[in-house]
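Only one structure is covered here, and it is reproduced in the block below.
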Amino acid sequence: MSSEAARQPVELLLIRSEPPCRRCQDTVAVLQAVAEALPGRVTVRVVSTEDAECARYGAVLTPMVVVNGKIACAGTVPVRSGLERLVAAELAR
Amino acid sequence: MPLDRRIYLDWNATGPVHPEVADVILPFLTSRFGNPSAPYVLGRDAFDAVEQSRRQTALLLGCAPKQLVFTSGGTEANNLALKGAFFSGAAAGRRHLVISAVEHPSVLATCEWLRQQHGADLTQVPVDSTGRVDPEQVAAAFRSDTLLVSVMHANNETGTLQPVGAIAELARRHGVLSHVDGVQAAGRVAVDVSAIGCDLYSVSAHKFGGMKGAGALYVRDASGLEWAQQGGRQEHGLRAGTENVPGIVALGKAAEVALRDLDANRAACLRTRAVFDDLARKIPMTRMNGHPTERLPNTTNLCCLYADAFSVVLALSVQGVCVGLGSACASHAQEPSRVLRAMGLSNVAALCSIRVSTGPTTSLQDAEFVAHLLQETVERVRLVTSPEQIGVCDDDCPCFTGGTIGVE
Ligand SMILES: Cc1ncc(COP(=O)(O)O)c(C=O)c1O
């Protein structure tokens with residue numbers, strides 16, 4: 001990929017339940033911590049299961065984390081170190 | 001992702017209607033719509049079509065056409081077999097049923113219902129680590145009041161084939177009726193009900209190129225059965241209700257095509273299955289659940305330890321790939337597969353298992369693409385999922401199942 005594309009931030013998308021469950025809230029904290037460690041290189045977006053965007057993912061188990069369009073986990077709070085490695089791999093693409 | 005760009009690898013859940021089958025259905029929806037019970041030409045025409053299907057289906061199963069009762073599918077065939085035998089046998093004081101620990105819910109739940117509501121006694125015979133039942137253990141479960149044994153021909157989750165012939169033989173020697181749920185086997189492996197020697201055998205059309213909502217029950221001798229459904233005199237009085245003529249016509253044609261193409265389909269499935277069997281060696285901490293050789297030619301069940309199966313299946317789905325998550329009926333629940341648990345897998349191992357089932361039209365190229373994607377997905381999911389969290393759900397974390405897999 002071009003260096004132009006490499007500068008695109010990695011998107012971390014969280015699909016959370018409505019109302020947000022505790023694990024969804026824990027997941028927001030993990031995603032924010034990952035983003036804060038890499039200023040400007042990671043964006044965090046949160047949508048709820050009520051959102052139409054959700055239909056694209058089929059059945060949804062919350063919390064569900066999508067990294068640049070690829071599902072990383074569903075139904076579990078992501079491990080921060082693992083997520084950071086995934087983000088690093090995306091940034092290196 | 002447009003629907004036609006998807007790679008479908010969940011043929012044990014269902015499959016497409018075979019093009020040759022689709023061609024014969026249409027007239028029965030439009031011009032040849034008669035009721036088979038009606039005396040005029042349009043009715044006779046529908047009756048003849050149903051009888052032709054009975055002959056075609058009988059050829060697939062190796063029985064006489066009159067030994068087949070058409071049903072609304074595998075679930076109803078299993079219900080009819082078990083309830084029909086029970087309501088007849090219980091009157092004579094025989095209330096004990098024997099099944100394997102890996103039966104489909106349509107067998108297990110029916111037996112459980114008979115136990116709870118009608119005083120049946122139920123014994124579940126365990127399976128070994130490959131999912132096979134030992135016929136000797138089945139025989140050891142027989143008692144003087146045992147009425148019937150039901151062991152499936154092929155398991156829907158692992159594809160493991162059962163020694164149904166040996167079980168039927170032992171049952172006959174003990175004077176016990178034998179039922180075989182052949183839903184996953186019929187049309188995929190050679191089936192000859194008279195060689196198996198069972199009394200009852202269930203099939204479902206949508207597993208081999210027919211339509212959903214049509215199936216059949218082979219009944220060796222109808223005199224031993226009480227029929228659960230009352231109404232008209234259809235199906236020789238054994239199954240009341242106006243026949244699903246298009247579904248039955250499709251079943252017959254699908255049976256004809258499946259029998260004709262059996263060897264070619266088997267070879268094609270074995271080629272693509274090998275790609276997924278191989279993953280047990282290629283992906284670390286991965287093994288195949290099921291019997292190494294005595295298995296459906298299209299099924300590979302893989303345990304990728306510590307890669308939560310639900311996450312893997314959803315991740316593949318977003319990329320246009322459909323694979324199975326244990327049994328379809330349990331796919332929205334974070335409950336480990338009862339079948340895999342019976343084979344000795346831990347909860348976590350069962351929750352990390354996916355089912356890949358190919359079809360005759362699955363291309364080698366697609367299989368190899370998915371194998372590669374699966375490997376990548378397993379690595380990604382393992383990275384971010386802590387093992388302790390797999391399958392754990394908070395009380396306040398509702399599993400949301402409003403989205404529809406495969407539709408966009
Ligand atoms: C082994 C087995 N038995 C029975 C059934 C039920 O068949 P049907 O879907 O036609 O009701 C299935 C379907 O998944 C099956 O796999």
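As shown in the structure tokens, the chain order sets the letters A, B, ...; within each chain, residues go from 1, and ligands are also counted from 1 in the order they appear.
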I'd like the contact shell of region 350-361 of chain B - 9 Å cut-off, only C-alpha atoms, skipping same-chain residues fewer than 3 positions apart - returned as an mmCIF file with N, CA, C and O atoms, in the first residue's frame.
```
data_model
loop_
_atom_site.group_PDB
_atom_site.id
_atom_site.type_symbol
_atom_site.label_atom_id
_atom_site.label_comp_id
_atom_site.auth_asym_id
_atom_site.auth_seq_id
_atom_site.Cartn_x
_atom_site.Cartn_y
_atom_site.Cartn_z
ATOM 1 N N TYR B 8 -20.581 -20.559 0.267
ATOM 2 C CA TYR B 8 -21.447 -21.261 1.211
ATOM 3 C C TYR B 8 -20.850 -22.610 1.599
ATOM 4 O O TYR B 8 -20.698 -23.483 0.748
ATOM 5 N N LEU B 9 -20.504 -22.753 2.853
ATOM 6 C CA LEU B 9 -19.899 -24.003 3.333
ATOM 7 C C LEU B 9 -20.628 -24.509 4.574
ATOM 8 O O LEU B 9 -20.018 -24.873 5.580
ATOM 9 N N ASP B 10 -21.956 -24.515 4.467
ATOM 10 C CA ASP B 10 -22.769 -25.009 5.579
ATOM 11 C C ASP B 10 -23.859 -25.929 5.039
ATOM 12 O O ASP B 10 -25.025 -25.813 5.394
ATOM 13 N N TRP B 11 -23.446 -26.844 4.171
ATOM 14 C CA TRP B 11 -24.403 -27.716 3.481
ATOM 15 C C TRP B 11 -25.095 -28.680 4.413
ATOM 16 O O TRP B 11 -26.119 -29.266 4.046
ATOM 17 N N ASN B 12 -24.558 -28.898 5.624
ATOM 18 C CA ASN B 12 -25.275 -29.767 6.557
ATOM 19 C C ASN B 12 -26.476 -29.044 7.159
ATOM 20 O O ASN B 12 -27.393 -29.686 7.668
ATOM 21 N N ALA B 13 -26.460 -27.713 7.118
ATOM 22 C CA ALA B 13 -27.623 -26.956 7.583
ATOM 23 C C ALA B 13 -28.711 -27.019 6.515
ATOM 24 O O ALA B 13 -29.868 -27.323 6.799
ATOM 25 N N GLY B 15 -28.993 -26.809 1.738
ATOM 26 C CA GLY B 15 -28.274 -26.522 0.502
ATOM 27 C C GLY B 15 -29.244 -25.974 -0.526
ATOM 28 O O GLY B 15 -30.452 -25.923 -0.286
ATOM 29 N N GLU B 157 -23.250 -32.592 13.083
ATOM 30 C CA GLU B 157 -22.175 -31.681 13.476
ATOM 31 C C GLU B 157 -20.795 -32.171 13.063
ATOM 32 O O GLU B 157 -19.953 -31.388 12.639
ATOM 33 N N THR B 158 -20.562 -33.470 13.219
ATOM 34 C CA THR B 158 -19.221 -33.997 12.944
ATOM 35 C C THR B 158 -19.158 -34.837 11.675
ATOM 36 O O THR B 158 -18.068 -35.097 11.169
ATOM 37 N N GLY B 159 -20.310 -35.295 11.192
ATOM 38 C CA GLY B 159 -20.337 -36.162 10.021
ATOM 39 C C GLY B 159 -20.020 -37.612 10.337
ATOM 40 O O GLY B 159 -20.046 -38.471 9.450
ATOM 41 N N ALA B 264 -19.851 -39.294 -8.148
ATOM 42 C CA ALA B 264 -19.197 -38.047 -8.560
ATOM 43 C C ALA B 264 -19.267 -37.013 -7.439
ATOM 44 O O ALA B 264 -18.284 -36.311 -7.154
ATOM 45 N N ASN B 265 -20.431 -36.925 -6.783
ATOM 46 C CA ASN B 265 -20.587 -35.959 -5.691
ATOM 47 C C ASN B 265 -19.660 -36.292 -4.526
ATOM 48 O O ASN B 265 -19.076 -35.408 -3.898
ATOM 49 N N ARG B 266 -19.559 -37.580 -4.273
ATOM 50 C CA ARG B 266 -18.695 -38.026 -3.176
ATOM 51 C C ARG B 266 -17.242 -37.629 -3.455
ATOM 52 O O ARG B 266 -16.558 -37.071 -2.594
ATOM 53 N N ALA B 267 -16.810 -37.889 -4.682
ATOM 54 C CA ALA B 267 -15.431 -37.558 -5.048
ATOM 55 C C ALA B 267 -15.194 -36.047 -4.948
ATOM 56 O O ALA B 267 -14.163 -35.603 -4.432
ATOM 57 N N ALA B 268 -16.177 -35.269 -5.412
ATOM 58 C CA ALA B 268 -16.026 -33.806 -5.387
ATOM 59 C C ALA B 268 -15.955 -33.316 -3.946
ATOM 60 O O ALA B 268 -15.115 -32.472 -3.603
ATOM 61 N N CYS B 269 -16.820 -33.840 -3.097
ATOM 62 C CA CYS B 269 -16.833 -33.406 -1.691
ATOM 63 C C CYS B 269 -15.536 -33.812 -0.994
ATOM 64 O O CYS B 269 -14.971 -33.029 -0.222
ATOM 65 N N LEU B 270 -15.065 -35.017 -1.265
ATOM 66 C CA LEU B 270 -13.832 -35.477 -0.612
ATOM 67 C C LEU B 270 -12.655 -34.566 -0.963
ATOM 68 O O LEU B 270 -11.795 -34.296 -0.121
ATOM 69 N N THR B 272 -12.719 -31.305 -1.627
ATOM 70 C CA THR B 272 -12.754 -30.030 -0.897
ATOM 71 C C THR B 272 -12.648 -30.272 0.604
ATOM 72 O O THR B 272 -12.046 -29.473 1.321
ATOM 73 N N ARG B 273 -13.195 -31.395 1.077
ATOM 74 C CA ARG B 273 -13.085 -31.689 2.506
ATOM 75 C C ARG B 273 -11.621 -31.816 2.917
ATOM 76 O O ARG B 273 -11.227 -31.378 4.009
ATOM 77 N N PHE B 276 -9.944 -28.820 4.248
ATOM 78 C CA PHE B 276 -10.265 -28.424 5.621
ATOM 79 C C PHE B 276 -9.716 -29.430 6.635
ATOM 80 O O PHE B 276 -9.290 -29.034 7.726
ATOM 81 N N ASN B 289 -12.666 -32.743 14.949
ATOM 82 C CA ASN B 289 -13.618 -33.473 15.780
ATOM 83 C C ASN B 289 -14.398 -34.434 14.890
ATOM 84 O O ASN B 289 -15.080 -34.000 13.969
ATOM 85 N N PRO B 297 -18.562 -37.540 3.472
ATOM 86 C CA PRO B 297 -17.485 -37.047 2.611
ATOM 87 C C PRO B 297 -17.378 -35.518 2.574
ATOM 88 O O PRO B 297 -16.437 -34.993 1.990
ATOM 89 N N ASN B 298 -18.341 -34.822 3.193
ATOM 90 C CA ASN B 298 -18.353 -33.355 3.046
ATOM 91 C C ASN B 298 -18.100 -32.593 4.337
ATOM 92 O O ASN B 298 -18.137 -31.365 4.337
ATOM 93 N N THR B 299 -17.902 -33.280 5.461
ATOM 94 C CA THR B 299 -17.939 -32.583 6.757
ATOM 95 C C THR B 299 -16.592 -32.588 7.480
ATOM 96 O O THR B 299 -15.993 -33.645 7.659
ATOM 97 N N THR B 300 -16.151 -31.409 7.892
ATOM 98 C CA THR B 300 -14.981 -31.280 8.761
ATOM 99 C C THR B 300 -15.358 -30.390 9.934
ATOM 100 O O THR B 300 -15.726 -29.226 9.733
ATOM 101 N N ASN B 301 -15.298 -30.932 11.128
ATOM 102 C CA ASN B 301 -15.554 -30.127 12.312
ATOM 103 C C ASN B 301 -14.200 -29.867 12.975
ATOM 104 O O ASN B 301 -13.479 -30.795 13.316
ATOM 105 N N LEU B 302 -13.857 -28.589 13.119
ATOM 106 C CA LEU B 302 -12.526 -28.223 13.610
ATOM 107 C C LEU B 302 -12.607 -27.512 14.942
ATOM 108 O O LEU B 302 -13.383 -26.557 15.095
ATOM 109 N N CYS B 303 -11.820 -27.967 15.889
ATOM 110 C CA CYS B 303 -11.671 -27.246 17.140
ATOM 111 C C CYS B 303 -10.377 -26.440 17.055
ATOM 112 O O CYS B 303 -9.290 -27.017 17.015
ATOM 113 N N CYS B 304 -10.507 -25.113 16.986
ATOM 114 C CA CYS B 304 -9.342 -24.221 16.986
ATOM 115 C C CYS B 304 -9.277 -23.631 18.386
ATOM 116 O O CYS B 304 -9.905 -22.598 18.663
ATOM 117 N N LEU B 305 -8.586 -24.330 19.257
ATOM 118 C CA LEU B 305 -8.629 -24.000 20.677
ATOM 119 C C LEU B 305 -8.303 -22.523 20.931
ATOM 120 O O LEU B 305 -7.358 -21.981 20.360
ATOM 121 N N TYR B 306 -9.104 -21.917 21.801
ATOM 122 C CA TYR B 306 -8.976 -20.515 22.217
ATOM 123 C C TYR B 306 -9.375 -19.512 21.144
ATOM 124 O O TYR B 306 -9.227 -18.306 21.338
ATOM 125 N N ALA B 307 -9.898 -19.995 20.019
ATOM 126 C CA ALA B 307 -10.492 -19.055 19.057
ATOM 127 C C ALA B 307 -12.006 -19.238 19.167
ATOM 128 O O ALA B 307 -12.557 -20.223 18.677
ATOM 129 N N ASP B 308 -12.649 -18.298 19.842
ATOM 130 C CA ASP B 308 -14.087 -18.373 20.081
ATOM 131 C C ASP B 308 -14.830 -18.556 18.752
ATOM 132 O O ASP B 308 -14.712 -17.738 17.835
ATOM 133 N N ALA B 309 -15.589 -19.662 18.651
ATOM 134 C CA ALA B 309 -16.196 -20.025 17.368
ATOM 135 C C ALA B 309 -17.204 -18.991 16.878
ATOM 136 O O ALA B 309 -17.299 -18.722 15.680
ATOM 137 N N PHE B 310 -17.942 -18.404 17.801
ATOM 138 C CA PHE B 310 -18.932 -17.409 17.384
ATOM 139 C C PHE B 310 -18.243 -16.229 16.699
ATOM 140 O O PHE B 310 -18.671 -15.758 15.642
ATOM 141 N N VAL B 312 -15.352 -16.284 15.205
ATOM 142 C CA VAL B 312 -14.787 -16.746 13.933
ATOM 143 C C VAL B 312 -15.878 -16.805 12.860
ATOM 144 O O VAL B 312 -15.701 -16.320 11.740
ATOM 145 N N VAL B 313 -17.029 -17.362 13.222
ATOM 146 C CA VAL B 313 -18.118 -17.521 12.249
ATOM 147 C C VAL B 313 -18.627 -16.159 11.784
ATOM 148 O O VAL B 313 -18.846 -15.933 10.592
ATOM 149 N N CYS B 322 -19.850 -18.478 4.641
ATOM 150 C CA CYS B 322 -20.786 -19.070 5.602
ATOM 151 C C CYS B 322 -20.299 -20.437 6.037
ATOM 152 O O CYS B 322 -20.209 -21.364 5.229
ATOM 153 N N VAL B 323 -19.958 -20.558 7.314
ATOM 154 C CA VAL B 323 -19.635 -21.872 7.890
ATOM 155 C C VAL B 323 -20.501 -22.062 9.124
ATOM 156 O O VAL B 323 -21.061 -21.108 9.652
ATOM 157 N N GLY B 324 -20.599 -23.294 9.586
ATOM 158 C CA GLY B 324 -21.525 -23.615 10.664
ATOM 159 C C GLY B 324 -20.894 -23.522 12.038
ATOM 160 O O GLY B 324 -19.691 -23.671 12.227
ATOM 161 N N LEU B 325 -21.769 -23.282 12.984
ATOM 162 C CA LEU B 325 -21.364 -23.156 14.375
ATOM 163 C C LEU B 325 -22.057 -24.293 15.106
ATOM 164 O O LEU B 325 -23.167 -24.130 15.567
ATOM 165 N N GLY B 326 -21.438 -25.458 15.141
ATOM 166 C CA GLY B 326 -22.108 -26.602 15.751
ATOM 167 C C GLY B 326 -23.452 -26.809 15.099
ATOM 168 O O GLY B 326 -23.603 -26.640 13.909
ATOM 169 N N SER B 327 -24.450 -27.103 15.894
ATOM 170 C CA SER B 327 -25.780 -27.327 15.369
ATOM 171 C C SER B 327 -26.455 -25.990 15.090
ATOM 172 O O SER B 327 -26.348 -25.063 15.879
ATOM 173 N N GLN B 334 -24.873 -19.193 23.467
ATOM 174 C CA GLN B 334 -23.488 -19.460 23.834
ATOM 175 C C GLN B 334 -23.438 -20.747 24.635
ATOM 176 O O GLN B 334 -22.872 -20.786 25.721
ATOM 177 N N GLU B 335 -24.058 -21.757 24.120
ATOM 178 C CA GLU B 335 -24.065 -23.032 24.809
ATOM 179 C C GLU B 335 -23.164 -23.984 24.051
ATOM 180 O O GLU B 335 -23.283 -24.117 22.840
ATOM 181 N N PRO B 336 -22.266 -24.669 24.757
ATOM 182 C CA PRO B 336 -21.397 -25.594 24.028
ATOM 183 C C PRO B 336 -22.224 -26.712 23.403
ATOM 184 O O PRO B 336 -23.266 -27.090 23.939
ATOM 185 N N SER B 337 -21.761 -27.220 22.277
ATOM 186 C CA SER B 337 -22.468 -28.287 21.591
ATOM 187 C C SER B 337 -22.552 -29.534 22.457
ATOM 188 O O SER B 337 -21.553 -30.038 22.963
ATOM 189 N N ARG B 338 -23.765 -30.029 22.586
ATOM 190 C CA ARG B 338 -24.012 -31.251 23.360
ATOM 191 C C ARG B 338 -23.301 -32.445 22.720
ATOM 192 O O ARG B 338 -22.803 -33.342 23.396
ATOM 193 N N VAL B 339 -23.235 -32.420 21.390
ATOM 194 C CA VAL B 339 -22.587 -33.511 20.654
ATOM 195 C C VAL B 339 -21.094 -33.550 20.973
ATOM 196 O O VAL B 339 -20.527 -34.601 21.289
ATOM 197 N N LEU B 340 -20.442 -32.394 20.908
ATOM 198 C CA LEU B 340 -19.001 -32.347 21.167
ATOM 199 C C LEU B 340 -18.694 -32.632 22.636
ATOM 200 O O LEU B 340 -17.692 -33.275 22.955
ATOM 201 N N ARG B 341 -19.578 -32.175 23.510
ATOM 202 C CA ARG B 341 -19.386 -32.476 24.934
ATOM 203 C C ARG B 341 -19.459 -33.983 25.153
ATOM 204 O O ARG B 341 -18.678 -34.546 25.923
ATOM 205 N N LEU B 345 -15.124 -33.343 24.664
ATOM 206 C CA LEU B 345 -14.499 -32.019 24.591
ATOM 207 C C LEU B 345 -14.894 -31.206 25.819
ATOM 208 O O LEU B 345 -16.020 -31.331 26.323
ATOM 209 N N SER B 346 -13.989 -30.345 26.266
ATOM 210 C CA SER B 346 -14.314 -29.429 27.351
ATOM 211 C C SER B 346 -15.269 -28.364 26.826
ATOM 212 O O SER B 346 -15.439 -28.216 25.619
ATOM 213 N N ASN B 347 -15.869 -27.611 27.745
ATOM 214 C CA ASN B 347 -16.740 -26.509 27.326
ATOM 215 C C ASN B 347 -16.017 -25.568 26.381
ATOM 216 O O ASN B 347 -16.546 -25.194 25.336
ATOM 217 N N ALA B 367 -12.573 -23.426 -1.610
ATOM 218 C CA ALA B 367 -12.176 -24.132 -0.385
ATOM 219 C C ALA B 367 -10.815 -23.631 0.080
ATOM 220 O O ALA B 367 -10.611 -23.349 1.267
ATOM 221 N N ILE B 390 -14.312 -16.939 27.061
ATOM 222 C CA ILE B 390 -15.044 -17.616 25.998
ATOM 223 C C ILE B 390 -16.317 -18.256 26.543
ATOM 224 O O ILE B 390 -16.283 -19.027 27.492
ATOM 225 N N GLY B 391 -17.426 -17.868 25.933
ATOM 226 C CA GLY B 391 -18.705 -18.446 26.321
ATOM 227 C C GLY B 391 -19.327 -17.843 27.568
ATOM 228 O O GLY B 391 -20.430 -18.196 27.953
#
```
*Would you name the residues within 10 Å of ligand 1, counting only C-alpha atoms and all ligand atoms, and put them as a PyMOL selection string?*
chain B and resi 11-14+71-79+102-107+151-157+159+180-185+202-207+211-216+327-329
Expected file: the selected residues, C-alpha atoms, as a compact mmCIF listing (two decimals), in the first residue's frame:
```txt
# COMPACT_ATOMS: atom_id res chain seq x y z
CA TRP B 11 -24.40 -27.72 3.48
CA ASN B 12 -25.27 -29.77 6.56
CA ALA B 13 -27.62 -26.96 7.58
CA THR B 14 -29.22 -26.85 4.15
CA THR B 71 -43.68 -35.85 5.74
CA SER B 72 -42.89 -32.19 6.20
CA GLY B 73 -39.20 -33.02 6.63
CA GLY B 74 -36.75 -34.78 8.89
CA THR B 75 -38.17 -33.41 12.12
CA GLU B 76 -41.65 -34.73 11.40
CA ALA B 77 -40.31 -38.06 10.15
CA ASN B 78 -38.40 -38.49 13.43
CA ASN B 79 -41.44 -37.45 15.46
CA VAL B 102 -25.39 -37.36 19.90
CA GLU B 103 -28.87 -37.48 18.36
CA HIS B 104 -30.42 -34.46 16.65
CA PRO B 105 -32.79 -32.38 18.82
CA SER B 106 -35.76 -33.71 16.83
CA VAL B 107 -34.99 -37.16 18.24
CA VAL B 151 -29.23 -44.05 16.40
CA MET B 152 -28.54 -41.66 13.53
CA HIS B 153 -26.77 -42.71 10.33
CA ALA B 154 -24.52 -39.63 10.17
CA ASN B 155 -24.09 -36.88 12.69
CA ASN B 156 -24.98 -33.36 11.54
CA GLU B 157 -22.17 -31.68 13.48
CA GLY B 159 -20.34 -36.16 10.02
CA VAL B 180 -32.32 -44.49 11.97
CA ASP B 181 -32.26 -40.71 11.47
CA GLY B 182 -30.76 -40.71 7.99
CA VAL B 183 -31.27 -37.01 7.31
CA GLN B 184 -27.57 -36.25 6.84
CA ALA B 185 -26.71 -39.52 5.11
CA SER B 202 -35.96 -40.70 8.19
CA VAL B 203 -34.86 -38.50 5.31
CA SER B 204 -35.15 -34.79 4.48
CA ALA B 205 -35.13 -33.34 0.96
CA HIS B 206 -33.33 -30.07 1.59
CA LYS B 207 -30.12 -31.84 2.56
CA MET B 211 -36.84 -28.21 -0.94
CA LYS B 212 -37.13 -27.40 2.72
CA GLY B 213 -40.32 -28.75 4.27
CA ALA B 214 -40.39 -32.14 2.56
CA GLY B 215 -39.10 -35.47 3.73
CA ALA B 216 -40.04 -39.08 4.14
CA SER B 327 -25.78 -27.33 15.37
CA ALA B 328 -27.80 -24.65 13.59
CA CYS B 329 -30.51 -24.88 16.20
```
*Find the spatial neighbours of region 37-44 of chain A, counting only C-alpha atoms, within a cut-off of 10 Å - ignore same-chain residues fewer than 4 positions away - and output them as a count of residues only.*
19
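Of note, CA of Pro78 (chain A) and CA of Ile7 (chain B) are spaced 28.0 Å apart.
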_I want to know what sits within 10 Å of region 24-36 of chain B, based on only C-alpha atoms, with residues of the same chain fewer than 3 positions away left out; could you give that as a ChimeraX atom specification?_
/B:19-21,39-51,210-211,234,242-251,253
*asked:* Counting only C-alpha atoms, a student should be able to say which residues of chain A come within 8 Å of chain B; what is the right answer, written as an NGL selection string?
replied: :A and (17 or 20-23 or 49 or 54-62 or 70-83 or 85-86)
*as a PyMOL selection string, please: all residues of region 275-386 of chain B that backbone DSSP puts in alpha helix (DSSP H).*
chain B and resi 275-277+279-282+309-318+338-342+347-351+364-384
*At what distance in Å, to one decimal, does CA of Gly252 (chain B) lie from CA of Gly62 (chain B)?*
13.6 Å
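The two atoms in question, CA of Leu108 (chain B) and CA of Ser150 (chain B), are spaced 9.6 Å apart.
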*Which of region 5-59 of chain A counts as strand (DSSP E or B) under DSSP, as a list in words please?*
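Taking region 5-59 of chain A and keeping strand (DSSP E or B) gives Val10, Glu11, Leu12, Leu13, Leu14, Ile15, Arg16, Val42, Thr43, Val44, Arg45, Val46, Val47 and Ser48 of chain A.
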Resulting file, chosen residues, N, CA and C atoms, as a CSV table (one decimal), in the first residue's frame:
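Dumped to result.csv:
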```csv
chain,number,residue,atom,x,y,z
A,10,VAL,N,-6.5,3.6,11.8
A,10,VAL,CA,-7.2,2.3,12.0
A,10,VAL,C,-8.5,2.6,12.7
A,11,GLU,N,-9.6,2.0,12.2
A,11,GLU,CA,-10.9,2.2,12.8
A,11,GLU,C,-11.2,1.1,13.7
A,12,LEU,N,-11.4,1.4,15.0
A,12,LEU,CA,-12.0,0.4,15.9
A,12,LEU,C,-13.4,0.7,16.1
A,13,LEU,N,-14.2,-0.3,15.7
A,13,LEU,CA,-15.7,-0.1,15.8
A,13,LEU,C,-16.2,-1.1,16.9
A,14,LEU,N,-17.0,-0.5,17.8
A,14,LEU,CA,-17.6,-1.3,18.8
A,14,LEU,C,-19.1,-1.4,18.6
A,15,ILE,N,-19.6,-2.6,18.5
A,15,ILE,CA,-21.1,-2.7,18.5
A,15,ILE,C,-21.5,-3.2,19.9
A,16,ARG,N,-22.3,-2.3,20.5
A,16,ARG,CA,-22.7,-2.6,21.9
A,16,ARG,C,-24.2,-2.8,22.0
A,42,VAL,N,-5.5,6.1,15.5
A,42,VAL,CA,-6.6,5.1,15.7
A,42,VAL,C,-7.9,5.9,16.0
A,43,THR,N,-9.0,5.5,15.3
A,43,THR,CA,-10.3,6.2,15.6
A,43,THR,C,-11.2,5.1,16.3
A,44,VAL,N,-12.0,5.6,17.2
A,44,VAL,CA,-13.0,4.7,17.9
A,44,VAL,C,-14.4,5.2,17.6
A,45,ARG,N,-15.2,4.2,17.2
A,45,ARG,CA,-16.6,4.5,16.9
A,45,ARG,C,-17.4,3.5,17.6
A,46,VAL,N,-18.5,3.9,18.1
A,46,VAL,CA,-19.4,3.0,18.9
A,46,VAL,C,-20.8,3.1,18.3
A,47,VAL,N,-21.4,2.0,17.9
A,47,VAL,CA,-22.8,1.9,17.4
A,47,VAL,C,-23.5,0.9,18.3
A,48,SER,N,-24.8,1.1,18.4
A,48,SER,CA,-25.6,0.2,19.2
A,48,SER,C,-26.3,-0.8,18.2
```
_Residues near region 118-124 of chain B, cut-off 7 Å, only C-alpha atoms, skip fewer than 3 positions along chain, as a PyMOL selection string_ = chain B and resi 95-101+114-115
